[in-house]
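Here the structure is laid out as structure tokens; the discussion comes afterwards.
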Number of protein chains: 2
Amino acid sequence: MGQGVEWSLHCCVNMSWTPAGEAVNSSRLAELYQLPAAYLNKQLQALVRAGILSSVSGPRGGFQLARPAEKITVLDVVLAIEGPEPAFRCESILANTPGADPGEDYLRSCLVSQTMRQAELAWRQTLSRQTIAGIAASVERKFPGSRKDILRKLMPARY
Amino acid sequence: MGQGVEWSLHCCVNMSWTPAGEAVNSSRLAELYQLPAAYLNKQLQALVRAGILSSVSGPRGGFQLARPAEKITVLDVVLAIEGPEPAFRCESILANTPGADPGEDYLRSCLVSQTMRQAELAWRQTLSRQTIAGIAASVERKFPGSRKDILRKLMPARY
DNA sequence: AATTTTCCGGACACGTAATGTCTGAAAAGT
DNA sequence: ACTTTTCAGACATTACGTGTCCGGAAAATT
């Protein structure tokens, strides 16, 4: 799994604290954790294409959440970065056996494929039950003051 | 996730049908699904190092399960091929914030890391509940005769 | 209208890991 | 002891993730 997932999740949590209608530019987000700005920007573009973030160009521009943080699941972010394909891709090697039935749908009938798919489903369900807002609330409970701290670093003009 | 996982699982299921004490060589296993023989051999080596398979050299040599198929979980095979590290590796980017506490254990305290780890735990638990013997039994129930078919192709001298 | 700021998208370079191949070492049977 | 069979590790090759850079478009300020 690429590191863009970790970066994106932290950025989304931070943006859930910025006031609505105010965008934050990617350079500022990158400074927070000393990340390569250009590369982080690229990852955020993927979130825009997925409809998770919205971007505005020009001065005072940047990124912001496209919908309330309660409506953004962790799975949404992961799929936006990693793509929709499952980690285990069944190549249907059973179809290559010399005497195999070419009409069979081995993606469904293969028991190995079913087992791996079931596990991946459990993984996705766990991630789909956690939202950005939920993580943000836990952070505030565990580290009081971190929200104001982030806000001061992200928008020093207003705080 | 590498394809070696898919290959290994199918091979383990097939070897759960071979008589105990009889090894099957990797070339024969590769023929079954038209896989590159040398590369499959390499993956099986990893299973040997993990204690899942045992190998014997020389004529009439090959691979066989090192313990009963009921004692081999799907997770065992996956970890042997993919390694023990989780798919999501937390880089603890929180530690890179300018005013961060260097003594913090961000792998535990970071909520993002916790969320991803929890999902991966669900994934592993699902896989650890499925055994090679369980898959083999499902295959026999769903495709009667496939076991004898495999056996005929793997050890034509005996069947 | 010009300029500045910022996002956007693609092209390019780099490093690492997965994939695939090859040759040698070890073991068993003759 | 020799030959055959097979595993085992080293070696090449390819694909992908990572990171950089540049030109273009959009929007606000001057």
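Just remember, in the structure tokens the first chain shown is A, the second B, etc., residues are 1-based per chain, and ligands are 1-based in the order shown.
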Residue list for chain A near chain B as a list of chain:residue names, 6 Å, only C-alpha atoms: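 Listed by rising number, the hits are A:Met1, A:Leu32, A:Tyr33, A:Ala87, A:Phe88, A:Ile93, A:Asn96, A:Thr97, A:Ala119, A:Ala122, A:Trp123, A:Thr126.
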Go through chain A and flag each residue having an atom no more than 7 Å from chain C; for those, report the closest pair of atoms plus their distance in Å to one decimal, using only C-alpha atoms (C1' of nucleotides), ordered by chain and rising number, as a tab-separated table.
```
residue	atom	partner	partner_atom	distance
A:Val56	CA	C:DC7	C1'	6.8
A:Ser57	CA	C:DC7	C1'	4.9
A:Gly58	CA	C:DT6	C1'	4.4
A:Pro59	CA	C:DT5	C1'	4.5
A:Gly61	CA	C:DT6	C1'	6.0
A:Gly62	CA	C:DT6	C1'	6.9
```
Residues of chain D within 6 Å of chain A: nearest atom pair and distance (Å, one decimal) for each, counting only C-alpha atoms (C1' of nucleotides), sorted by chain and number, as CSV?
```
residue,atom,partner,partner_atom,distance
D:DA26,C1',A:Ser57,CA,5.6
D:DA27,C1',A:Gly58,CA,4.6
D:DA28,C1',A:Pro59,CA,5.8
```
Can those selected residues be exported to a file as a PDB file, in the first residue's frame so that it contains N, CA and C atoms (P, O5', C5', C4', C3', O3' and C1' of nucleotides)?
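Ended up saving to result.pdb:
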```pdb
ATOM      1  P    DA D  26      -9.535  27.786 -17.938  1.00  0.00           P
ATOM      2  O5'  DA D  26      -9.754  28.296 -16.442  1.00  0.00           O
ATOM      3  C5'  DA D  26      -9.702  27.363 -15.375  1.00  0.00           C
ATOM      4  C4'  DA D  26      -9.547  28.096 -14.052  1.00  0.00           C
ATOM      5  C3'  DA D  26     -10.402  29.364 -13.935  1.00  0.00           C
ATOM      6  O3'  DA D  26     -11.032  29.392 -12.671  1.00  0.00           O
ATOM      7  C1'  DA D  26      -8.139  29.866 -13.473  1.00  0.00           C
ATOM      8  P    DA D  27     -12.391  30.238 -12.458  1.00  0.00           P
ATOM      9  O5'  DA D  27     -11.964  31.250 -11.299  1.00  0.00           O
ATOM     10  C5'  DA D  27     -11.392  30.728 -10.105  1.00  0.00           C
ATOM     11  C4'  DA D  27     -10.540  31.793  -9.440  1.00  0.00           C
ATOM     12  C3'  DA D  27     -11.223  33.158  -9.289  1.00  0.00           C
ATOM     13  O3'  DA D  27     -11.134  33.573  -7.947  1.00  0.00           O
ATOM     14  C1'  DA D  27      -9.062  33.414 -10.183  1.00  0.00           C
ATOM     15  P    DA D  28     -12.274  34.547  -7.306  1.00  0.00           P
ATOM     16  O5'  DA D  28     -11.372  35.669  -6.597  1.00  0.00           O
ATOM     17  C5'  DA D  28     -10.449  35.265  -5.598  1.00  0.00           C
ATOM     18  C4'  DA D  28      -9.216  36.165  -5.649  1.00  0.00           C
ATOM     19  C3'  DA D  28      -9.518  37.640  -5.394  1.00  0.00           C
ATOM     20  O3'  DA D  28      -8.695  38.096  -4.340  1.00  0.00           O
ATOM     21  C1'  DA D  28      -8.125  37.350  -7.292  1.00  0.00           C
TER      22       DA D  28
END
```
Please report the interatomic distance between atom CA of B:Arg158 and atom CA of B:Ala23 in Å with one decimal.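 Between atom CA of B:Arg158 and atom CA of B:Ala23 the gap is 12.4 Å.
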All in-order C-alpha pairs, least squares, chain B moved onto chain A. Output the fitted coordinates as a compact mmCIF listing (two decimals) with N, CA and C atoms, in the first residue's frame, please.
```txt
# COMPACT_ATOMS: atom_id res chain seq x y z
N MET B 1 0.81 -1.16 -0.15
CA MET B 1 -0.05 0.04 -0.11
C MET B 1 0.82 1.29 -0.10
N GLY B 2 0.48 2.22 -0.97
CA GLY B 2 1.29 3.43 -1.09
C GLY B 2 1.17 4.34 0.12
N GLN B 3 2.13 5.23 0.26
CA GLN B 3 2.11 6.13 1.40
C GLN B 3 1.11 7.25 1.24
N GLY B 4 0.65 7.43 0.00
CA GLY B 4 -0.33 8.48 -0.22
C GLY B 4 -1.57 8.31 0.64
N VAL B 5 -1.87 7.08 1.03
CA VAL B 5 -3.04 6.84 1.87
C VAL B 5 -2.86 7.50 3.23
N GLU B 6 -1.69 7.27 3.82
CA GLU B 6 -1.43 7.87 5.14
C GLU B 6 -1.49 9.39 5.06
N TRP B 7 -0.81 9.94 4.06
CA TRP B 7 -0.81 11.39 3.91
C TRP B 7 -2.22 11.93 3.73
N SER B 8 -2.99 11.28 2.86
CA SER B 8 -4.33 11.78 2.55
C SER B 8 -5.23 11.75 3.77
N LEU B 9 -5.13 10.69 4.55
CA LEU B 9 -6.00 10.60 5.72
C LEU B 9 -5.69 11.72 6.71
N HIS B 10 -4.40 11.94 6.98
CA HIS B 10 -4.04 13.02 7.89
C HIS B 10 -4.50 14.37 7.35
N CYS B 11 -4.34 14.57 6.05
CA CYS B 11 -4.76 15.84 5.47
C CYS B 11 -6.27 16.03 5.57
N CYS B 12 -7.03 14.96 5.34
CA CYS B 12 -8.48 15.08 5.42
C CYS B 12 -8.91 15.40 6.86
N VAL B 13 -8.28 14.76 7.82
CA VAL B 13 -8.61 15.06 9.22
C VAL B 13 -8.32 16.53 9.51
N ASN B 14 -7.19 17.01 9.05
CA ASN B 14 -6.84 18.40 9.31
C ASN B 14 -7.82 19.35 8.62
N MET B 15 -8.20 19.01 7.40
CA MET B 15 -9.12 19.90 6.67
C MET B 15 -10.52 19.85 7.25
N SER B 16 -10.83 18.81 8.02
CA SER B 16 -12.15 18.78 8.64
C SER B 16 -12.26 19.85 9.74
N TRP B 17 -11.12 20.44 10.09
CA TRP B 17 -11.11 21.47 11.14
C TRP B 17 -11.10 22.88 10.56
N THR B 18 -10.76 22.99 9.29
CA THR B 18 -10.72 24.33 8.70
C THR B 18 -12.15 24.82 8.46
N PRO B 19 -12.39 26.12 8.58
CA PRO B 19 -13.75 26.64 8.39
C PRO B 19 -14.23 26.41 6.96
N ALA B 20 -15.53 26.12 6.81
CA ALA B 20 -16.10 25.83 5.50
C ALA B 20 -15.94 27.04 4.58
N GLY B 21 -15.63 26.80 3.32
CA GLY B 21 -15.46 27.87 2.35
C GLY B 21 -14.05 28.41 2.29
N GLU B 22 -13.21 27.99 3.23
CA GLU B 22 -11.82 28.45 3.22
C GLU B 22 -10.92 27.31 2.75
N ALA B 23 -10.22 27.52 1.65
CA ALA B 23 -9.33 26.48 1.13
C ALA B 23 -7.94 26.64 1.72
N VAL B 24 -7.22 25.53 1.80
CA VAL B 24 -5.84 25.56 2.28
C VAL B 24 -4.95 24.98 1.20
N ASN B 25 -3.87 25.65 0.89
CA ASN B 25 -3.03 25.20 -0.22
C ASN B 25 -2.15 24.03 0.20
N SER B 26 -1.71 23.28 -0.81
CA SER B 26 -1.02 22.02 -0.54
C SER B 26 0.35 22.24 0.09
N SER B 27 1.00 23.36 -0.23
CA SER B 27 2.32 23.61 0.35
C SER B 27 2.23 23.68 1.87
N ARG B 28 1.18 24.34 2.34
CA ARG B 28 1.00 24.47 3.79
C ARG B 28 0.77 23.10 4.42
N LEU B 29 -0.03 22.27 3.76
CA LEU B 29 -0.27 20.93 4.29
C LEU B 29 1.02 20.11 4.31
N ALA B 30 1.84 20.29 3.28
CA ALA B 30 3.08 19.53 3.21
C ALA B 30 4.04 19.94 4.31
N GLU B 31 4.06 21.24 4.62
CA GLU B 31 4.97 21.73 5.68
C GLU B 31 4.69 21.04 7.00
N LEU B 32 3.42 20.75 7.24
CA LEU B 32 3.02 20.18 8.52
C LEU B 32 3.86 18.96 8.90
N TYR B 33 4.08 18.09 7.91
CA TYR B 33 4.79 16.84 8.19
C TYR B 33 6.07 16.71 7.38
N GLN B 34 6.53 17.84 6.79
CA GLN B 34 7.77 17.83 6.01
C GLN B 34 7.68 16.87 4.83
N LEU B 35 6.55 16.92 4.13
CA LEU B 35 6.37 16.04 2.98
C LEU B 35 6.75 16.77 1.70
N PRO B 36 7.12 16.03 0.63
CA PRO B 36 7.40 16.66 -0.67
C PRO B 36 6.13 17.31 -1.20
N ALA B 37 6.14 18.64 -1.36
CA ALA B 37 4.92 19.38 -1.65
C ALA B 37 4.29 18.96 -2.97
N ALA B 38 5.12 18.84 -4.02
CA ALA B 38 4.56 18.54 -5.34
C ALA B 38 3.91 17.17 -5.36
N TYR B 39 4.51 16.24 -4.66
CA TYR B 39 3.98 14.88 -4.67
C TYR B 39 2.69 14.78 -3.87
N LEU B 40 2.66 15.45 -2.74
CA LEU B 40 1.41 15.48 -1.97
C LEU B 40 0.30 16.09 -2.80
N ASN B 41 0.65 17.14 -3.53
CA ASN B 41 -0.34 17.78 -4.41
C ASN B 41 -0.96 16.77 -5.37
N LYS B 42 -0.12 15.90 -5.88
CA LYS B 42 -0.59 14.90 -6.82
C LYS B 42 -1.61 13.96 -6.17
N GLN B 43 -1.34 13.57 -4.95
CA GLN B 43 -2.26 12.67 -4.25
C GLN B 43 -3.59 13.36 -4.00
N LEU B 44 -3.52 14.64 -3.64
CA LEU B 44 -4.76 15.36 -3.37
C LEU B 44 -5.59 15.50 -4.65
N GLN B 45 -4.91 15.58 -5.79
CA GLN B 45 -5.64 15.61 -7.06
C GLN B 45 -6.52 14.38 -7.21
N ALA B 46 -5.99 13.24 -6.82
CA ALA B 46 -6.77 12.00 -6.92
C ALA B 46 -8.02 12.09 -6.05
N LEU B 47 -7.89 12.73 -4.89
CA LEU B 47 -9.05 12.89 -4.02
C LEU B 47 -10.08 13.82 -4.66
N VAL B 48 -9.59 14.81 -5.40
CA VAL B 48 -10.52 15.70 -6.11
C VAL B 48 -11.28 14.91 -7.18
N ARG B 49 -10.55 14.11 -7.95
CA ARG B 49 -11.21 13.32 -9.00
C ARG B 49 -12.25 12.38 -8.40
N ALA B 50 -12.00 11.91 -7.19
CA ALA B 50 -12.94 10.99 -6.54
C ALA B 50 -14.10 11.72 -5.88
N GLY B 51 -14.07 13.04 -5.91
CA GLY B 51 -15.19 13.79 -5.33
C GLY B 51 -15.09 13.98 -3.83
N ILE B 52 -13.94 13.69 -3.25
CA ILE B 52 -13.77 13.84 -1.81
C ILE B 52 -13.36 15.26 -1.46
N LEU B 53 -12.47 15.81 -2.27
CA LEU B 53 -12.03 17.19 -2.08
C LEU B 53 -12.53 18.04 -3.24
N SER B 54 -12.56 19.35 -3.02
CA SER B 54 -12.77 20.28 -4.12
C SER B 54 -11.61 21.27 -4.09
N SER B 55 -11.20 21.71 -5.27
CA SER B 55 -10.03 22.58 -5.36
C SER B 55 -10.41 23.90 -6.00
N VAL B 56 -9.76 24.97 -5.57
CA VAL B 56 -9.96 26.27 -6.20
C VAL B 56 -8.58 26.84 -6.53
N SER B 57 -8.46 27.37 -7.74
CA SER B 57 -7.18 27.90 -8.22
C SER B 57 -7.02 29.35 -7.81
N GLY B 58 -5.84 29.85 -8.10
CA GLY B 58 -5.56 31.26 -7.89
C GLY B 58 -5.23 31.61 -6.46
N PRO B 59 -4.97 32.90 -6.23
CA PRO B 59 -4.66 33.37 -4.87
C PRO B 59 -5.78 33.02 -3.89
N ARG B 60 -5.43 32.72 -2.66
CA ARG B 60 -6.40 32.27 -1.65
C ARG B 60 -7.05 30.96 -2.06
N GLY B 61 -6.41 30.23 -2.99
CA GLY B 61 -6.97 28.96 -3.42
C GLY B 61 -6.39 27.81 -2.61
N GLY B 62 -6.73 26.60 -3.04
CA GLY B 62 -6.24 25.42 -2.34
C GLY B 62 -7.27 24.31 -2.36
N PHE B 63 -7.26 23.50 -1.31
CA PHE B 63 -8.17 22.35 -1.22
C PHE B 63 -9.08 22.48 0.00
N GLN B 64 -10.22 21.80 -0.10
CA GLN B 64 -11.13 21.69 1.04
C GLN B 64 -12.01 20.47 0.84
N LEU B 65 -12.61 20.00 1.91
CA LEU B 65 -13.49 18.84 1.82
C LEU B 65 -14.70 19.19 0.95
N ALA B 66 -15.09 18.25 0.10
CA ALA B 66 -16.20 18.49 -0.81
C ALA B 66 -17.54 18.23 -0.15
N ARG B 67 -17.53 17.49 0.99
CA ARG B 67 -18.77 17.22 1.71
C ARG B 67 -18.43 17.08 3.19
N PRO B 68 -19.44 17.05 4.05
CA PRO B 68 -19.17 16.99 5.49
C PRO B 68 -18.30 15.79 5.85
N ALA B 69 -17.44 15.97 6.84
CA ALA B 69 -16.51 14.91 7.22
C ALA B 69 -17.23 13.67 7.72
N GLU B 70 -18.47 13.82 8.16
CA GLU B 70 -19.23 12.65 8.60
C GLU B 70 -19.60 11.76 7.43
N LYS B 71 -19.59 12.31 6.24
CA LYS B 71 -20.00 11.56 5.05
C LYS B 71 -18.79 11.01 4.29
N ILE B 72 -17.60 11.17 4.82
CA ILE B 72 -16.40 10.66 4.15
C ILE B 72 -15.85 9.52 4.99
N THR B 73 -15.92 8.31 4.45
CA THR B 73 -15.38 7.16 5.16
C THR B 73 -13.91 6.99 4.83
N VAL B 74 -13.23 6.26 5.71
CA VAL B 74 -11.82 5.98 5.45
C VAL B 74 -11.68 5.15 4.18
N LEU B 75 -12.65 4.28 3.93
CA LEU B 75 -12.59 3.48 2.71
C LEU B 75 -12.64 4.35 1.46
N ASP B 76 -13.44 5.40 1.50
CA ASP B 76 -13.50 6.33 0.37
C ASP B 76 -12.11 6.84 0.03
N VAL B 77 -11.38 7.26 1.04
CA VAL B 77 -10.05 7.83 0.81
C VAL B 77 -9.10 6.76 0.27
N VAL B 78 -9.14 5.58 0.87
CA VAL B 78 -8.24 4.51 0.44
C VAL B 78 -8.51 4.14 -1.02
N LEU B 79 -9.76 3.99 -1.38
CA LEU B 79 -10.08 3.62 -2.76
C LEU B 79 -9.71 4.72 -3.74
N ALA B 80 -9.83 5.98 -3.31
CA ALA B 80 -9.48 7.08 -4.20
C ALA B 80 -7.99 7.06 -4.53
N ILE B 81 -7.16 6.67 -3.57
CA ILE B 81 -5.72 6.66 -3.79
C ILE B 81 -5.26 5.36 -4.44
N GLU B 82 -5.72 4.24 -3.92
CA GLU B 82 -5.22 2.94 -4.37
C GLU B 82 -5.96 2.40 -5.58
N GLY B 83 -7.11 2.96 -5.90
CA GLY B 83 -7.90 2.44 -7.00
C GLY B 83 -8.89 1.40 -6.52
N PRO B 84 -9.87 1.09 -7.36
CA PRO B 84 -10.95 0.21 -6.93
C PRO B 84 -10.61 -1.27 -6.97
N GLU B 85 -9.54 -1.65 -7.66
CA GLU B 85 -9.23 -3.07 -7.78
C GLU B 85 -8.85 -3.65 -6.42
N PRO B 86 -9.27 -4.88 -6.14
CA PRO B 86 -8.88 -5.51 -4.88
C PRO B 86 -7.39 -5.82 -4.85
N ALA B 87 -6.82 -5.89 -3.66
CA ALA B 87 -5.39 -6.17 -3.53
C ALA B 87 -5.07 -7.56 -4.08
N PHE B 88 -5.95 -8.50 -3.82
CA PHE B 88 -5.76 -9.84 -4.38
C PHE B 88 -6.53 -9.93 -5.69
N ARG B 89 -5.80 -9.97 -6.78
CA ARG B 89 -6.47 -10.09 -8.09
C ARG B 89 -6.35 -11.52 -8.56
N CYS B 90 -7.51 -12.16 -8.67
CA CYS B 90 -7.55 -13.56 -9.10
C CYS B 90 -7.26 -13.63 -10.58
N GLU B 91 -6.19 -14.33 -10.94
CA GLU B 91 -5.83 -14.44 -12.35
C GLU B 91 -6.51 -15.63 -12.99
N SER B 92 -7.34 -16.31 -12.22
CA SER B 92 -8.09 -17.45 -12.77
C SER B 92 -7.16 -18.46 -13.43
N ILE B 93 -6.14 -18.84 -12.68
CA ILE B 93 -5.19 -19.79 -13.26
C ILE B 93 -5.84 -21.14 -13.48
N LEU B 94 -6.97 -21.39 -12.82
CA LEU B 94 -7.67 -22.65 -13.05
C LEU B 94 -8.10 -22.77 -14.50
N ALA B 95 -8.34 -21.64 -15.15
CA ALA B 95 -8.76 -21.68 -16.54
C ALA B 95 -7.62 -22.15 -17.45
N ASN B 96 -6.38 -22.17 -16.95
CA ASN B 96 -5.25 -22.57 -17.78
C ASN B 96 -4.99 -24.07 -17.75
N THR B 97 -5.74 -24.80 -16.95
CA THR B 97 -5.52 -26.25 -16.92
C THR B 97 -5.92 -26.83 -18.27
N PRO B 98 -5.12 -27.78 -18.75
CA PRO B 98 -5.33 -28.33 -20.10
C PRO B 98 -6.77 -28.73 -20.39
N GLY B 99 -7.46 -29.35 -19.44
CA GLY B 99 -8.81 -29.81 -19.75
C GLY B 99 -9.90 -28.97 -19.13
N ALA B 100 -9.68 -27.66 -19.03
CA ALA B 100 -10.63 -26.80 -18.32
C ALA B 100 -11.79 -26.39 -19.21
N ASP B 101 -12.88 -26.07 -18.56
CA ASP B 101 -14.06 -25.58 -19.28
C ASP B 101 -13.91 -24.08 -19.50
N PRO B 102 -13.81 -23.63 -20.73
CA PRO B 102 -13.58 -22.20 -20.99
C PRO B 102 -14.77 -21.33 -20.61
N GLY B 103 -15.93 -21.94 -20.45
CA GLY B 103 -17.11 -21.15 -20.14
C GLY B 103 -17.28 -20.87 -18.66
N GLU B 104 -16.47 -21.54 -17.81
CA GLU B 104 -16.62 -21.36 -16.37
C GLU B 104 -16.26 -19.94 -15.94
N ASP B 105 -16.96 -19.44 -14.95
CA ASP B 105 -16.63 -18.14 -14.36
C ASP B 105 -15.80 -18.39 -13.10
N TYR B 106 -14.48 -18.53 -13.29
CA TYR B 106 -13.63 -18.96 -12.18
C TYR B 106 -13.50 -17.89 -11.12
N LEU B 107 -13.83 -16.66 -11.48
CA LEU B 107 -13.74 -15.61 -10.47
C LEU B 107 -14.77 -15.87 -9.37
N ARG B 108 -15.87 -16.52 -9.69
CA ARG B 108 -16.89 -16.80 -8.68
C ARG B 108 -16.75 -18.20 -8.12
N SER B 109 -16.45 -19.16 -9.00
CA SER B 109 -16.50 -20.55 -8.55
C SER B 109 -15.23 -20.97 -7.81
N CYS B 110 -14.08 -20.35 -8.11
CA CYS B 110 -12.83 -20.76 -7.48
C CYS B 110 -12.89 -20.48 -5.99
N LEU B 111 -12.65 -21.52 -5.20
CA LEU B 111 -12.76 -21.38 -3.75
C LEU B 111 -11.65 -20.51 -3.18
N VAL B 112 -10.48 -20.57 -3.76
CA VAL B 112 -9.39 -19.71 -3.31
C VAL B 112 -9.77 -18.25 -3.51
N SER B 113 -10.29 -17.95 -4.67
CA SER B 113 -10.71 -16.58 -4.95
C SER B 113 -11.79 -16.14 -3.97
N GLN B 114 -12.72 -17.02 -3.69
CA GLN B 114 -13.79 -16.68 -2.75
C GLN B 114 -13.24 -16.35 -1.37
N THR B 115 -12.29 -17.16 -0.91
CA THR B 115 -11.73 -16.95 0.42
C THR B 115 -11.03 -15.60 0.53
N MET B 116 -10.20 -15.29 -0.47
CA MET B 116 -9.48 -14.03 -0.43
C MET B 116 -10.43 -12.85 -0.55
N ARG B 117 -11.46 -13.02 -1.36
CA ARG B 117 -12.42 -11.94 -1.54
C ARG B 117 -13.19 -11.69 -0.25
N GLN B 118 -13.50 -12.75 0.45
CA GLN B 118 -14.23 -12.62 1.72
C GLN B 118 -13.40 -11.82 2.74
N ALA B 119 -12.10 -12.11 2.78
CA ALA B 119 -11.24 -11.39 3.72
C ALA B 119 -11.15 -9.91 3.36
N GLU B 120 -11.04 -9.67 2.06
CA GLU B 120 -10.95 -8.27 1.64
C GLU B 120 -12.25 -7.54 1.93
N LEU B 121 -13.37 -8.27 1.87
CA LEU B 121 -14.65 -7.66 2.20
C LEU B 121 -14.66 -7.23 3.66
N ALA B 122 -14.15 -8.08 4.55
CA ALA B 122 -14.10 -7.73 5.97
C ALA B 122 -13.24 -6.49 6.18
N TRP B 123 -12.15 -6.42 5.43
CA TRP B 123 -11.25 -5.27 5.53
C TRP B 123 -11.98 -3.99 5.11
N ARG B 124 -12.68 -4.07 4.01
CA ARG B 124 -13.38 -2.89 3.52
C ARG B 124 -14.52 -2.48 4.44
N GLN B 125 -15.22 -3.46 4.99
CA GLN B 125 -16.31 -3.11 5.89
C GLN B 125 -15.80 -2.38 7.12
N THR B 126 -14.66 -2.83 7.64
CA THR B 126 -14.08 -2.15 8.79
C THR B 126 -13.75 -0.70 8.46
N LEU B 127 -13.17 -0.50 7.28
CA LEU B 127 -12.78 0.85 6.90
C LEU B 127 -13.99 1.72 6.57
N SER B 128 -15.05 1.10 6.07
CA SER B 128 -16.22 1.89 5.68
C SER B 128 -17.02 2.32 6.91
N ARG B 129 -16.74 1.72 8.06
CA ARG B 129 -17.45 2.12 9.28
C ARG B 129 -16.79 3.29 9.98
N GLN B 130 -15.56 3.62 9.56
CA GLN B 130 -14.84 4.74 10.18
C GLN B 130 -14.90 5.95 9.26
N THR B 131 -15.26 7.09 9.81
CA THR B 131 -15.31 8.31 9.01
C THR B 131 -14.20 9.27 9.42
N ILE B 132 -13.95 10.23 8.55
CA ILE B 132 -12.96 11.26 8.87
C ILE B 132 -13.39 12.01 10.14
N ALA B 133 -14.69 12.28 10.24
CA ALA B 133 -15.17 12.99 11.42
C ALA B 133 -14.93 12.15 12.69
N GLY B 134 -15.10 10.85 12.58
CA GLY B 134 -14.87 9.99 13.74
C GLY B 134 -13.42 10.03 14.20
N ILE B 135 -12.51 9.97 13.26
CA ILE B 135 -11.09 10.04 13.61
C ILE B 135 -10.77 11.39 14.23
N ALA B 136 -11.30 12.45 13.61
CA ALA B 136 -11.03 13.79 14.12
C ALA B 136 -11.51 13.94 15.56
N ALA B 137 -12.69 13.38 15.84
CA ALA B 137 -13.22 13.46 17.20
C ALA B 137 -12.32 12.70 18.18
N SER B 138 -11.83 11.53 17.77
CA SER B 138 -10.95 10.76 18.64
C SER B 138 -9.66 11.50 18.92
N VAL B 139 -9.15 12.15 17.89
CA VAL B 139 -7.90 12.91 18.06
C VAL B 139 -8.12 14.03 19.08
N GLU B 140 -9.25 14.74 18.94
CA GLU B 140 -9.52 15.85 19.87
C GLU B 140 -9.67 15.34 21.29
N ARG B 141 -10.26 14.18 21.45
CA ARG B 141 -10.45 13.63 22.79
C ARG B 141 -9.11 13.21 23.39
N LYS B 142 -8.25 12.64 22.54
CA LYS B 142 -6.99 12.08 23.03
C LYS B 142 -5.92 13.16 23.16
N PHE B 143 -5.91 14.11 22.24
CA PHE B 143 -4.91 15.17 22.27
C PHE B 143 -5.62 16.52 22.27
N PRO B 144 -6.11 16.96 23.40
CA PRO B 144 -6.80 18.25 23.44
C PRO B 144 -5.84 19.37 23.03
N GLY B 145 -6.33 20.29 22.23
CA GLY B 145 -5.49 21.39 21.80
C GLY B 145 -4.82 21.15 20.48
N SER B 146 -4.80 19.93 20.02
CA SER B 146 -4.12 19.66 18.74
C SER B 146 -4.87 20.34 17.60
N ARG B 147 -6.18 20.44 17.73
CA ARG B 147 -6.96 21.07 16.67
C ARG B 147 -6.57 22.54 16.50
N LYS B 148 -6.50 23.26 17.60
CA LYS B 148 -6.11 24.66 17.51
C LYS B 148 -4.68 24.80 17.01
N ASP B 149 -3.85 23.86 17.41
CA ASP B 149 -2.45 23.88 16.98
C ASP B 149 -2.35 23.74 15.47
N ILE B 150 -3.09 22.78 14.93
CA ILE B 150 -3.09 22.57 13.47
C ILE B 150 -3.63 23.81 12.76
N LEU B 151 -4.71 24.32 13.30
CA LEU B 151 -5.35 25.48 12.68
C LEU B 151 -4.39 26.67 12.62
N ARG B 152 -3.63 26.85 13.67
CA ARG B 152 -2.68 27.97 13.68
C ARG B 152 -1.62 27.80 12.60
N LYS B 153 -1.21 26.56 12.37
CA LYS B 153 -0.17 26.33 11.36
C LYS B 153 -0.73 26.37 9.94
N LEU B 154 -1.99 25.99 9.80
CA LEU B 154 -2.55 25.93 8.44
C LEU B 154 -2.97 27.31 7.94
N MET B 155 -3.58 28.11 8.83
CA MET B 155 -4.05 29.42 8.41
C MET B 155 -3.57 30.47 9.40
N PRO B 156 -2.28 30.82 9.34
CA PRO B 156 -1.74 31.77 10.31
C PRO B 156 -2.34 33.16 10.16
N ALA B 157 -2.94 33.48 9.00
CA ALA B 157 -3.51 34.81 8.81
C ALA B 157 -4.76 34.99 9.67
N ARG B 158 -5.46 33.91 9.94
CA ARG B 158 -6.72 34.01 10.67
C ARG B 158 -6.58 33.65 12.14
N TYR B 159 -5.51 32.93 12.50
CA TYR B 159 -5.40 32.48 13.89
C TYR B 159 -4.08 32.88 14.53
```
Identify all residues of chain B in strand (DSSP E) (DSSP on the backbone) and supply them as an NGL selection string. :B and (53-56 or 62-65)
Select from stretch 38-81 of chain B everything DSSP, run on the backbone, classes as alpha helix (DSSP H), then give the selection as a count of residues only. 20
